[in-house]
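J.: File model-v1.pdb follows (PDB, C-alpha atoms, pLDDT in the B column):
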```pdb
ATOM      1  CA  MET A   4      93.663  65.875 138.753  1.00 62.00           C
ATOM      2  CA  HIS A   5      94.858  62.280 138.612  1.00 74.00           C
ATOM      3  CA  ALA A   6      96.245  60.971 141.856  1.00 75.00           C
ATOM      4  CA  ARG A   7      98.800  58.692 140.254  1.00 65.00           C
ATOM      5  CA  LEU A   8     102.067  59.684 138.591  1.00 62.00           C
ATOM      6  CA  ALA A   9     102.478  58.904 134.887  1.00 64.00           C
ATOM      7  CA  VAL A  10     105.483  56.687 135.653  1.00 66.00           C
ATOM      8  CA  GLN A  11     103.214  54.517 137.823  1.00 65.00           C
ATOM      9  CA  GLY A  12     100.972  53.662 134.895  1.00 64.00           C
ATOM     10  CA  PHE A  13      98.129  51.573 136.269  1.00 67.00           C
ATOM     11  CA  THR A  14     100.157  50.269 139.219  1.00 66.00           C
ATOM     12  CA  GLY A  15     100.576  51.428 142.754  1.00 67.00           C
ATOM     13  CA  GLU A  16      98.239  53.364 144.957  1.00 79.00           C
ATOM     14  CA  PRO A  17      96.894  56.740 143.881  1.00 81.00           C
ATOM     15  CA  ASP A  18      97.702  59.549 146.312  1.00 83.00           C
ATOM     16  CA  TRP A  19      94.400  61.301 146.907  1.00 89.00           C
ATOM     17  CA  ASN A  20      96.239  63.611 149.298  1.00 88.00           C
ATOM     18  CA  VAL A  21      97.668  65.377 146.237  1.00 90.00           C
ATOM     19  CA  ILE A  22      94.143  66.113 145.021  1.00 93.00           C
ATOM     20  CA  ARG A  23      93.307  67.635 148.412  1.00 94.00           C
ATOM     21  CA  GLN A  24      96.464  69.768 148.305  1.00 94.00           C
ATOM     22  CA  VAL A  25      95.651  71.033 144.813  1.00 94.00           C
ATOM     23  CA  LYS A  26      92.059  71.780 145.834  1.00 94.00           C
ATOM     24  CA  GLU A  27      93.337  73.824 148.799  1.00 95.00           C
ATOM     25  CA  ALA A  28      95.804  75.725 146.588  1.00 96.00           C
ATOM     26  CA  VAL A  29      93.584  76.796 143.682  1.00 96.00           C
ATOM     27  CA  SER A  30      90.283  78.604 143.219  1.00 95.00           C
ATOM     28  CA  VAL A  31      89.146  76.725 140.109  1.00 97.00           C
ATOM     29  CA  PRO A  32      87.075  73.540 140.268  1.00 96.00           C
ATOM     30  CA  VAL A  33      89.127  70.387 140.821  1.00 96.00           C
ATOM     31  CA  ILE A  34      88.007  67.033 139.516  1.00 96.00           C
ATOM     32  CA  GLY A  35      89.598  64.047 141.201  1.00 93.00           C
ATOM     33  CA  ASN A  36      90.548  60.830 139.484  1.00 90.00           C
ATOM     34  CA  GLY A  37      92.305  57.637 140.512  1.00 87.00           C
ATOM     35  CA  ASP A  38      90.918  54.203 141.371  1.00 89.00           C
ATOM     36  CA  VAL A  39      87.283  55.240 141.690  1.00 94.00           C
ATOM     37  CA  VAL A  40      85.450  52.006 140.985  1.00 93.00           C
ATOM     38  CA  THR A  41      82.467  51.985 143.352  1.00 96.00           C
ATOM     39  CA  PRO A  42      79.950  54.515 144.614  1.00 97.00           C
ATOM     40  CA  GLN A  43      81.668  54.315 147.994  1.00 97.00           C
ATOM     41  CA  ASP A  44      84.998  55.209 146.354  1.00 96.00           C
ATOM     42  CA  ALA A  45      83.420  58.327 144.844  1.00 97.00           C
ATOM     43  CA  ALA A  46      81.930  59.399 148.172  1.00 98.00           C
ATOM     44  CA  ARG A  47      85.253  58.792 149.922  1.00 96.00           C
ATOM     45  CA  MET A  48      87.122  60.847 147.310  1.00 95.00           C
ATOM     46  CA  PHE A  49      84.774  63.798 147.838  1.00 97.00           C
ATOM     47  CA  THR A  50      85.201  63.512 151.616  1.00 97.00           C
ATOM     48  CA  GLU A  51      88.954  63.005 151.667  1.00 95.00           C
ATOM     49  CA  THR A  52      89.910  65.542 149.010  1.00 96.00           C
ATOM     50  CA  GLY A  53      87.186  68.187 148.982  1.00 96.00           C
ATOM     51  CA  CYS A  54      87.215  67.955 145.177  1.00 96.00           C
ATOM     52  CA  ASP A  55      84.355  69.418 143.163  1.00 97.00           C
ATOM     53  CA  GLY A  56      83.811  66.394 140.973  1.00 96.00           C
ATOM     54  CA  VAL A  57      84.943  62.823 140.526  1.00 96.00           C
ATOM     55  CA  MET A  58      86.080  61.259 137.269  1.00 94.00           C
ATOM     56  CA  ILE A  59      85.707  57.542 136.676  1.00 95.00           C
ATOM     57  CA  GLY A  60      87.960  55.982 134.051  1.00 90.00           C
ATOM     58  CA  ARG A  61      88.879  52.298 133.995  1.00 87.00           C
ATOM     59  CA  GLY A  62      86.242  51.637 136.675  1.00 91.00           C
ATOM     60  CA  ALA A  63      83.562  52.233 134.049  1.00 94.00           C
ATOM     61  CA  LEU A  64      84.917  49.800 131.452  1.00 92.00           C
ATOM     62  CA  GLY A  65      82.298  47.112 131.036  1.00 92.00           C
ATOM     63  CA  ARG A  66      80.269  48.846 133.766  1.00 94.00           C
ATOM     64  CA  PRO A  67      78.557  51.891 132.247  1.00 94.00           C
ATOM     65  CA  TRP A  68      75.847  51.647 134.921  1.00 96.00           C
ATOM     66  CA  VAL A  69      78.403  52.735 137.546  1.00 96.00           C
ATOM     67  CA  PHE A  70      77.590  56.403 136.870  1.00 97.00           C
ATOM     68  CA  LYS A  71      73.928  55.875 137.737  1.00 97.00           C
ATOM     69  CA  GLN A  72      74.951  53.891 140.821  1.00 98.00           C
ATOM     70  CA  VAL A  73      77.312  56.644 141.982  1.00 97.00           C
ATOM     71  CA  ALA A  74      74.755  59.413 141.452  1.00 97.00           C
ATOM     72  CA  HIS A  75      72.100  57.458 143.343  1.00 98.00           C
ATOM     73  CA  TYR A  76      74.458  56.614 146.206  1.00 98.00           C
ATOM     74  CA  LEU A  77      75.638  60.202 146.568  1.00 97.00           C
ATOM     75  CA  ARG A  78      72.023  61.417 146.678  1.00 97.00           C
ATOM     76  CA  THR A  79      70.557  58.729 148.936  1.00 98.00           C
ATOM     77  CA  GLY A  80      73.341  56.692 150.559  1.00 97.00           C
ATOM     78  CA  GLU A  81      71.690  53.585 149.119  1.00 98.00           C
ATOM     79  CA  MET A  82      73.264  51.134 146.698  1.00 97.00           C
ATOM     80  CA  LEU A  83      71.433  50.223 143.530  1.00 97.00           C
ATOM     81  CA  PRO A  84      71.474  46.559 142.574  1.00 95.00           C
ATOM     82  CA  GLU A  85      73.910  45.306 139.967  1.00 93.00           C
ATOM     83  CA  PRO A  86      72.373  44.736 136.537  1.00 95.00           C
ATOM     84  CA  THR A  87      71.112  41.275 135.744  1.00 93.00           C
ATOM     85  CA  PRO A  88      72.950  39.092 133.218  1.00 92.00           C
ATOM     86  CA  ILE A  89      70.256  39.950 130.660  1.00 93.00           C
ATOM     87  CA  GLU A  90      70.700  43.682 131.278  1.00 94.00           C
ATOM     88  CA  ARG A  91      74.480  43.297 130.943  1.00 93.00           C
ATOM     89  CA  MET A  92      74.176  41.555 127.585  1.00 94.00           C
ATOM     90  CA  GLU A  93      71.656  44.127 126.364  1.00 95.00           C
ATOM     91  CA  MET A  94      74.016  46.931 127.414  1.00 95.00           C
ATOM     92  CA  THR A  95      76.875  45.252 125.570  1.00 95.00           C
ATOM     93  CA  LEU A  96      74.812  45.221 122.390  1.00 96.00           C
ATOM     94  CA  MET A  97      73.725  48.835 122.948  1.00 96.00           C
ATOM     95  CA  HIS A  98      77.350  49.880 123.513  1.00 96.00           C
ATOM     96  CA  ALA A  99      78.346  48.367 120.174  1.00 97.00           C
ATOM     97  CA  ARG A 100      75.343  49.762 118.302  1.00 97.00           C
ATOM     98  CA  LEU A 101      75.881  53.284 119.637  1.00 97.00           C
ATOM     99  CA  THR A 102      79.575  53.132 118.827  1.00 96.00           C
ATOM    100  CA  LEU A 103      78.892  52.039 115.257  1.00 97.00           C
ATOM    101  CA  GLU A 104      76.181  54.661 114.880  1.00 97.00           C
ATOM    102  CA  HIS A 105      78.509  57.496 115.903  1.00 97.00           C
ATOM    103  CA  THR A 106      81.943  56.460 114.676  1.00 96.00           C
ATOM    104  CA  ARG A 107      83.720  57.758 111.618  1.00 96.00           C
ATOM    105  CA  PHE A 108      85.533  54.434 111.218  1.00 96.00           C
ATOM    106  CA  ARG A 109      84.470  51.629 108.932  1.00 96.00           C
ATOM    107  CA  GLU A 110      82.527  48.916 110.737  1.00 96.00           C
ATOM    108  CA  ALA A 111      85.414  46.418 110.693  1.00 94.00           C
ATOM    109  CA  VAL A 112      87.821  48.931 112.229  1.00 96.00           C
ATOM    110  CA  ALA A 113      85.329  50.105 114.849  1.00 96.00           C
ATOM    111  CA  VAL A 114      84.408  46.546 115.822  1.00 96.00           C
ATOM    112  CA  ARG A 115      88.062  45.584 116.227  1.00 94.00           C
ATOM    113  CA  GLU A 116      88.477  48.594 118.517  1.00 93.00           C
ATOM    114  CA  LEU A 117      85.395  47.507 120.459  1.00 94.00           C
ATOM    115  CA  ARG A 118      86.627  43.974 121.105  1.00 94.00           C
ATOM    116  CA  GLY A 119      88.639  44.852 124.191  1.00 90.00           C
ATOM    117  CA  GLN A 120      85.895  47.012 125.629  1.00 92.00           C
ATOM    118  CA  LEU A 121      83.129  44.476 125.126  1.00 93.00           C
ATOM    119  CA  THR A 122      85.128  41.735 126.837  1.00 91.00           C
ATOM    120  CA  LYS A 123      85.076  43.843 130.021  1.00 91.00           C
ATOM    121  CA  TYR A 124      81.360  43.142 130.487  1.00 89.00           C
ATOM    122  CA  HIS A 125      81.071  40.334 133.016  1.00 85.00           C
ATOM    123  CA  PHE A 126      77.829  38.650 132.148  1.00 80.00           C
ATOM    124  CA  GLY A 127      77.452  36.493 135.239  1.00 82.00           C
ATOM    125  CA  VAL A 128      76.117  33.491 133.344  1.00 82.00           C
ATOM    126  CA  PRO A 129      77.480  29.985 132.893  1.00 81.00           C
ATOM    127  CA  GLY A 130      79.821  30.012 129.923  1.00 86.00           C
ATOM    128  CA  ALA A 131      80.549  33.756 130.195  1.00 88.00           C
ATOM    129  CA  ALA A 132      84.286  33.177 129.784  1.00 90.00           C
ATOM    130  CA  ALA A 133      83.624  31.343 126.518  1.00 92.00           C
ATOM    131  CA  LEU A 134      81.407  34.214 125.342  1.00 90.00           C
ATOM    132  CA  ARG A 135      84.178  36.720 126.071  1.00 91.00           C
ATOM    133  CA  GLU A 136      86.690  34.507 124.251  1.00 93.00           C
ATOM    134  CA  LYS A 137      84.452  34.607 121.169  1.00 95.00           C
ATOM    135  CA  LEU A 138      84.109  38.395 121.415  1.00 94.00           C
ATOM    136  CA  VAL A 139      87.817  38.924 120.801  1.00 94.00           C
ATOM    137  CA  HIS A 140      87.363  37.465 117.321  1.00 95.00           C
ATOM    138  CA  ILE A 141      84.399  39.487 116.062  1.00 96.00           C
ATOM    139  CA  ASN A 142      84.718  41.623 112.926  1.00 96.00           C
ATOM    140  CA  THR A 143      81.155  42.859 112.412  1.00 96.00           C
ATOM    141  CA  MET A 144      78.050  43.731 114.368  1.00 97.00           C
ATOM    142  CA  ALA A 145      76.497  40.610 112.868  1.00 97.00           C
ATOM    143  CA  ASP A 146      79.303  38.559 114.478  1.00 97.00           C
ATOM    144  CA  LEU A 147      78.533  40.138 117.853  1.00 96.00           C
ATOM    145  CA  GLU A 148      74.824  39.515 117.492  1.00 97.00           C
ATOM    146  CA  ALA A 149      75.470  35.895 116.447  1.00 97.00           C
ATOM    147  CA  ILE A 150      77.270  35.402 119.768  1.00 95.00           C
ATOM    148  CA  LEU A 151      75.152  37.436 122.173  1.00 94.00           C
ATOM    149  CA  LEU A 152      71.590  37.076 120.868  1.00 95.00           C
ATOM    150  CA  PRO A 153      71.473  33.271 121.358  1.00 94.00           C
ATOM    151  CA  ALA A 154      73.061  33.685 124.811  1.00 92.00           C
ATOM    152  CA  LEU A 155      70.489  36.343 125.626  1.00 93.00           C
ATOM    153  CA  ASP A 156      67.635  34.097 124.486  1.00 94.00           C
ATOM    154  CA  ALA A 157      69.023  31.191 126.525  1.00 91.00           C
ATOM    155  CA  GLN A 158      69.310  33.380 129.621  1.00 91.00           C
ATOM    156  CA  ARG A 159      65.736  34.631 129.183  1.00 93.00           C
ATOM    157  CA  GLU A 160      64.489  31.046 128.904  1.00 92.00           C
ATOM    158  CA  TRP A 161      66.477  30.022 131.975  1.00 88.00           C
ATOM    159  CA  GLU A 162      65.136  32.951 134.023  1.00 86.00           C
ATOM    160  CA  ALA A 163      61.556  32.204 132.906  1.00 88.00           C
ATOM    161  CA  LYS A 164      61.744  28.707 134.437  1.00 84.00           C
TER     162      LYS A 164
END
```
As structure tokens, please, write out the structure in this file.
T.:
Amino acid sequence: MHARLAVQGFTGEPDWNVIRQVKEAVSVPVIGNGDVVTPQDAARMFTETGCDGVMIGRGALGRPWVFKQVAHYLRTGEMLPEPTPIERMEMTLMHARLTLEHTRFREAVAVRELRGQLTKYHFGVPGAAALREKLVHINTMADLEAILLPALDAQREWEAK
């Protein structure tokens, strides 16, 4: 159950009250969705709506670790640390590799589709904006590696100092 009307698109506030009302009215499991970005958001949605599950959409773009963070927080009440810049870059590469491994599209088509997703990773390193600007022009996995592998090496060297 998404808590935002289709006419709202990605604007406006989701009405989690609607999720609660649906949950009270039906006997099937209800999964809530709408502006869940943090582990605290997920916990609050469970509390406020009584839903059986929480769906995370845009909040996971460039942040695939959010699912692990949410699960940990819901179990323990403790926040996991954010990934390091190195971990973020490694996850970006893994995201692309897994996509290419499992897609039915040609590499060039799949990589063009990936561009927008990969730019959502916020690396937290000097020059990250320039890295993201380069990512919107990639056409192959080799292009991605030519951008991220040197940045990854530089970050490793910097952290070793």
J.: Taking 4 positions as the minimum chain separation for residues in the same chain, which residues sit within 8 Å of Ala111 in chain A when counting all atoms listed in the file? Answer as a PyMOL selection string.
T.: chain A and resi 115+142-143
J.: Determine the residue membership of the PyMOL selection byres ((chain A and resi 140) around 12) for the file above and supply it as a PDB file with C-alpha atoms, in the coordinates of the input.
T.:
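After the write, out-v8.pdb holds the following:
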```pdb
ATOM      1  CA  ALA A 111      85.414  46.418 110.693  1.00 94.00           C
ATOM      2  CA  VAL A 114      84.408  46.546 115.822  1.00 96.00           C
ATOM      3  CA  ARG A 115      88.062  45.584 116.227  1.00 94.00           C
ATOM      4  CA  GLU A 116      88.477  48.594 118.517  1.00 93.00           C
ATOM      5  CA  LEU A 117      85.395  47.507 120.459  1.00 94.00           C
ATOM      6  CA  ARG A 118      86.627  43.974 121.105  1.00 94.00           C
ATOM      7  CA  GLY A 119      88.639  44.852 124.191  1.00 90.00           C
ATOM      8  CA  LEU A 121      83.129  44.476 125.126  1.00 93.00           C
ATOM      9  CA  THR A 122      85.128  41.735 126.837  1.00 91.00           C
ATOM     10  CA  ALA A 133      83.624  31.343 126.518  1.00 92.00           C
ATOM     11  CA  LEU A 134      81.407  34.214 125.342  1.00 90.00           C
ATOM     12  CA  ARG A 135      84.178  36.720 126.071  1.00 91.00           C
ATOM     13  CA  GLU A 136      86.690  34.507 124.251  1.00 93.00           C
ATOM     14  CA  LYS A 137      84.452  34.607 121.169  1.00 95.00           C
ATOM     15  CA  LEU A 138      84.109  38.395 121.415  1.00 94.00           C
ATOM     16  CA  VAL A 139      87.817  38.924 120.801  1.00 94.00           C
ATOM     17  CA  ILE A 141      84.399  39.487 116.062  1.00 96.00           C
ATOM     18  CA  ASN A 142      84.718  41.623 112.926  1.00 96.00           C
ATOM     19  CA  THR A 143      81.155  42.859 112.412  1.00 96.00           C
ATOM     20  CA  MET A 144      78.050  43.731 114.368  1.00 97.00           C
ATOM     21  CA  ASP A 146      79.303  38.559 114.478  1.00 97.00           C
ATOM     22  CA  LEU A 147      78.533  40.138 117.853  1.00 96.00           C
ATOM     23  CA  ILE A 150      77.270  35.402 119.768  1.00 95.00           C
TER      24      ILE A 150
END
```
J.: Report the residues retrieved by the PyMOL selection byres ((chain A and resi 77-83) around 10) from the displayed file, expressed as JSON, numbers by chain.
T.: {"A": [41, 42, 43, 45, 46, 49, 68, 69, 71, 72, 73, 74, 75, 76, 84, 85, 86]}
J.: How many Å lie between CA of Val112 in chain A and CA of Leu152 in chain A, rounded to one decimal?
T.: 21.9 Å
J.: Check the smallest atom-to-atom distance from each of A:Ala154, A:Met92, A:Ile34, A:Val39 to Gly65 in chain A using only C-alpha atoms, then report the winner.
T.: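 Ranking A:Ala154, A:Met92, A:Ile34, A:Val39 by distance to Gly65 in chain A, first place goes to A:Met92.
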J.: Considering all atoms listed in the file, return as a ChimeraX atom specification whatever protein or nucleic-acid residues lie within 8 Å of range 100-103 of chain A, sequence-local ones (same chain, fewer than 2 positions apart) excluded.
T.: /A:96-98,105-106,110,113-114,144
J.: Between CA of Val128 in chain A and CA of Val40 in chain A, what is the spacing in Å?
T.: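 These two atoms are separated by 22.1 Å.
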J.: Reconstruct range 43-57 of chain A at the level of N, CA and C atoms, and format the result as a PDB file, in the frame of the given file.
T.:
```pdb
ATOM      1  N   GLN A  43      81.005  53.980 146.733  1.00 97.00           N
ATOM      2  CA  GLN A  43      81.668  54.315 147.994  1.00 97.00           C
ATOM      3  C   GLN A  43      83.011  54.990 147.751  1.00 97.00           C
ATOM      4  N   ASP A  44      83.732  54.559 146.707  1.00 96.00           N
ATOM      5  CA  ASP A  44      84.998  55.209 146.354  1.00 96.00           C
ATOM      6  C   ASP A  44      84.768  56.676 146.008  1.00 96.00           C
ATOM      7  N   ALA A  45      83.715  56.949 145.236  1.00 97.00           N
ATOM      8  CA  ALA A  45      83.420  58.327 144.844  1.00 97.00           C
ATOM      9  C   ALA A  45      83.108  59.179 146.070  1.00 97.00           C
ATOM     10  N   ALA A  46      82.279  58.652 146.953  1.00 98.00           N
ATOM     11  CA  ALA A  46      81.930  59.399 148.172  1.00 98.00           C
ATOM     12  C   ALA A  46      83.174  59.651 149.015  1.00 98.00           C
ATOM     13  N   ARG A  47      84.027  58.652 149.128  1.00 96.00           N
ATOM     14  CA  ARG A  47      85.253  58.792 149.922  1.00 96.00           C
ATOM     15  C   ARG A  47      86.189  59.829 149.291  1.00 96.00           C
ATOM     16  N   MET A  48      86.261  59.854 147.955  1.00 95.00           N
ATOM     17  CA  MET A  48      87.122  60.847 147.310  1.00 95.00           C
ATOM     18  C   MET A  48      86.619  62.261 147.601  1.00 95.00           C
ATOM     19  N   PHE A  49      85.316  62.474 147.506  1.00 97.00           N
ATOM     20  CA  PHE A  49      84.774  63.798 147.838  1.00 97.00           C
ATOM     21  C   PHE A  49      85.136  64.175 149.275  1.00 97.00           C
ATOM     22  N   THR A  50      84.945  63.242 150.192  1.00 97.00           N
ATOM     23  CA  THR A  50      85.201  63.512 151.616  1.00 97.00           C
ATOM     24  C   THR A  50      86.673  63.763 151.894  1.00 97.00           C
ATOM     25  N   GLU A  51      87.523  62.918 151.360  1.00 95.00           N
ATOM     26  CA  GLU A  51      88.954  63.005 151.667  1.00 95.00           C
ATOM     27  C   GLU A  51      89.677  64.137 150.958  1.00 95.00           C
ATOM     28  N   THR A  52      89.167  64.555 149.792  1.00 96.00           N
ATOM     29  CA  THR A  52      89.910  65.542 149.010  1.00 96.00           C
ATOM     30  C   THR A  52      89.234  66.903 148.946  1.00 96.00           C
ATOM     31  N   GLY A  53      87.914  66.939 149.149  1.00 96.00           N
ATOM     32  CA  GLY A  53      87.186  68.187 148.982  1.00 96.00           C
ATOM     33  C   GLY A  53      87.011  68.568 147.521  1.00 96.00           C
ATOM     34  N   CYS A  54      87.302  67.652 146.612  1.00 96.00           N
ATOM     35  CA  CYS A  54      87.215  67.955 145.177  1.00 96.00           C
ATOM     36  C   CYS A  54      85.782  68.309 144.787  1.00 96.00           C
ATOM     37  N   ASP A  55      85.658  68.963 143.645  1.00 97.00           N
ATOM     38  CA  ASP A  55      84.355  69.418 143.163  1.00 97.00           C
ATOM     39  C   ASP A  55      83.638  68.373 142.321  1.00 97.00           C
ATOM     40  N   GLY A  56      84.379  67.443 141.798  1.00 96.00           N
ATOM     41  CA  GLY A  56      83.811  66.394 140.973  1.00 96.00           C
ATOM     42  C   GLY A  56      84.733  65.196 140.974  1.00 96.00           C
ATOM     43  N   VAL A  57      84.178  64.066 140.577  1.00 96.00           N
ATOM     44  CA  VAL A  57      84.943  62.823 140.526  1.00 96.00           C
ATOM     45  C   VAL A  57      84.869  62.272 139.111  1.00 96.00           C
TER      46      VAL A  57
END
```
